[in-house]
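What follows is a set of notes on a single structure, which appears directly below.
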Amino acid sequence: MIVDKIYGELCVTCNEQGYLTDLNQWTKDVGLEIAKEENIVMTDKHWDVIDYLQDQCRKQVALSIRKIGKSGVVSIKEFYQLFPNGPLKISSRIAGIPKPVSCI
Amino acid sequence: MTSPETKKKEDKKPIKKMMLILSKATIDNVYACFILANGARMEGIESEIFFTFFGLEAITKKKLEHLHVATVGNPGMHIPTLLGGLPGMEAFATNMMKSEMEKLDIPPVGEFLEILSASGTKLWACKLAMDMFHINEKALIDDLDGVLTVGDFYTRAQGENTHLLFI
């Protein structure tokens with residue numbers, strides 16, 4: 001099921017879980033609005049992670065906690081501190097990329 | 001006859017904490033436990049592992065990278081028992097499994113423990129099993145959060161929506 005959602009002045013298409021279906025529709029403002037929904041106050045460190053996730057998504061690399069820990073962008077411990085309550089799924093939603101299917 | 005309830009209820013509350021008990025040292029059991037604990041953290045659920053009996057091998061520094069899959073008495077392997085018992089068979093099957101896991105980005109045991117610890121999973125050793133096998137805490141991984149009795153572990157399980165799982 002696809003739904004249209006309005007973030008700020010932009011209308012984007014999301015799946016039923018609230019993940020953007022097209023990364024091209026993403027802007028930093030959209031990311032900020034989604035972060036608000038997830039109760040995350042974005043800092044530079046958060047945006048570094050978002051940049052990395054989008055970059056990996058464009059390269060079609062499947063994401064996992066392990067890969068993020070090895071990325072050099074953020075340690076696993078920091079990643080959990082930045083996005084508590086499910087770091088990979090929340091950060092992916094803010095980044096406008098699909099929900100990762102990895103169990104690791 | 002009434003039909004079973006399948007609809008999601010409004011008042012359903014999500015799982016808050018997973019308390020896993022690992023009692024075996026075969027690689028399939030160890031990974032099942034680690035993936036469940038890590039998967040919980042990835043969903044924002046608290047998780048803790050209680051290593052007891054042979055499960056202690058998974059946190060014993062010298063042994064954790066040398067765990068095996070059971071080729072004897074394991075019908076899932078589809079190897080005749082007689083062949084499964086041949087020297088080198090366990091090592092062969094284990095290497096096959098490890099290479100398949102590496103392809104799926106599943107880390108080795110030691111690295112997996114580091115990931116779990118960094119993710120906030122609490123790692124506990126069972127006091128009784130340590131006494132029984134004469135294991136000193138120094139032989140166990142540095143990331144260990146401590147040594148507990150069963151009673152201590154149950155106390156930590158307090159609270160609503162905690163689930164205990166024996167592996």
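Each chain in the structure tokens gets a letter, A, B and so on, in the order shown; residues start at 1 in every chain, and ligands are counted from 1 in the order they appear.
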_Using only C-alpha atoms, I'd like every residue of chain A that has an atom within 6 Å of chain B; please write them out as a list in words._
Ile76, Lys77, Asn85, Gly86 and Cys103 of chain A
Go ahead and write the residues just picked, N, CA and C atoms, as a CSV table (one decimal), in the first residue's frame.
```csv
chain,number,residue,atom,x,y,z
A,76,ILE,N,29.3,1.2,16.5
A,76,ILE,CA,27.9,0.5,16.8
A,76,ILE,C,27.3,1.2,18.1
A,77,LYS,N,28.2,1.4,19.1
A,77,LYS,CA,27.7,2.0,20.3
A,77,LYS,C,27.2,3.4,20.1
A,85,ASN,N,16.1,2.8,20.3
A,85,ASN,CA,14.8,2.1,19.9
A,85,ASN,C,14.8,1.6,18.4
A,86,GLY,N,16.0,1.1,18.0
A,86,GLY,CA,16.0,0.5,16.6
A,86,GLY,C,16.8,1.4,15.7
A,103,CYS,N,19.1,-9.1,9.5
A,103,CYS,CA,18.9,-9.5,10.9
A,103,CYS,C,20.1,-9.2,11.7
```
_Would you pick out the contacts of Phe83 in chain A at 10 Å or less, using only C-alpha atoms, so that residues sharing its chain but fewer than 2 positions from it are not included, and give the list as a list in words?_
Ala35, Glu38, Asn39, Ile40, Val41, Met42, His46, Glu78, Phe79, Tyr80, Gln81, Asn85, Gly86, Pro87, Leu88, Lys89, Ile90 and Ser91 of chain A; Gly44 of chain B
*Fewer than 2 positions away in the same chain doesn't count, so skip those; otherwise give me all residues within 8 Å of Ile49 in chain B, counting only C-alpha atoms, as a ChimeraX atom specification.*
/B:19-22,37,47,51,121-124
*If we count only C-alpha atoms, what is near Pro108 in chain B at a cut-off of 8 Å, once residues fewer than 6 positions away on the same chain are taken out, given as a list of chain:residue names?*
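Neighbouring residues, sequence-local ones excluded: B:Glu65, B:Lys98, B:Glu102.
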_Excluding range 78-90 of chain B and its own-chain neighbours fewer than 6 positions away, which residues fall within 12 Å of it when counting only C-alpha atoms? Please give them as a ChimeraX atom specification._
/B:26-27,66-72,96-97
Keeping C-alpha atoms for every residue in the selection just given, could you write it to a file as a PDB file, in the first residue's frame?
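Okay, again-v2.pdb is ready:
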```
ATOM      1  CA  THR B  26      27.077 -26.072  18.839  1.00  0.00           C
ATOM      2  CA  ILE B  27      27.492 -23.259  16.354  1.00  0.00           C
ATOM      3  CA  HIS B  66      36.512 -23.154  17.625  1.00  0.00           C
ATOM      4  CA  LEU B  67      32.869 -24.087  18.014  1.00  0.00           C
ATOM      5  CA  HIS B  68      31.498 -26.814  15.772  1.00  0.00           C
ATOM      6  CA  VAL B  69      28.299 -27.922  14.150  1.00  0.00           C
ATOM      7  CA  ALA B  70      27.227 -31.437  15.244  1.00  0.00           C
ATOM      8  CA  THR B  71      27.510 -33.937  12.384  1.00  0.00           C
ATOM      9  CA  VAL B  72      26.474 -36.907  14.544  1.00  0.00           C
ATOM     10  CA  MET B  96      31.325 -25.006   4.984  1.00  0.00           C
ATOM     11  CA  MET B  97      28.793 -23.392   7.290  1.00  0.00           C
TER      12      MET B  97
END
```
_Among the residues B:Phe153, B:Phe166, B:Phe92, B:Phe53, the one that comes closest to Leu128 in chain B [using only C-alpha atoms]_ =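 Closest residue, counting only C-alpha atoms: B:Phe53.
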*Pick from A:Val74, A:Val12, A:Leu82, A:Ala62: nearest to Thr43 in chain A, with only C-alpha atoms counted?*
A:Leu82
_Non-local contacts of Gly159 in chain B (9 Å; only C-alpha atoms; under 3 positions in same chain excluded) as number ranges by chain_ = B: 16-17, 156, 162
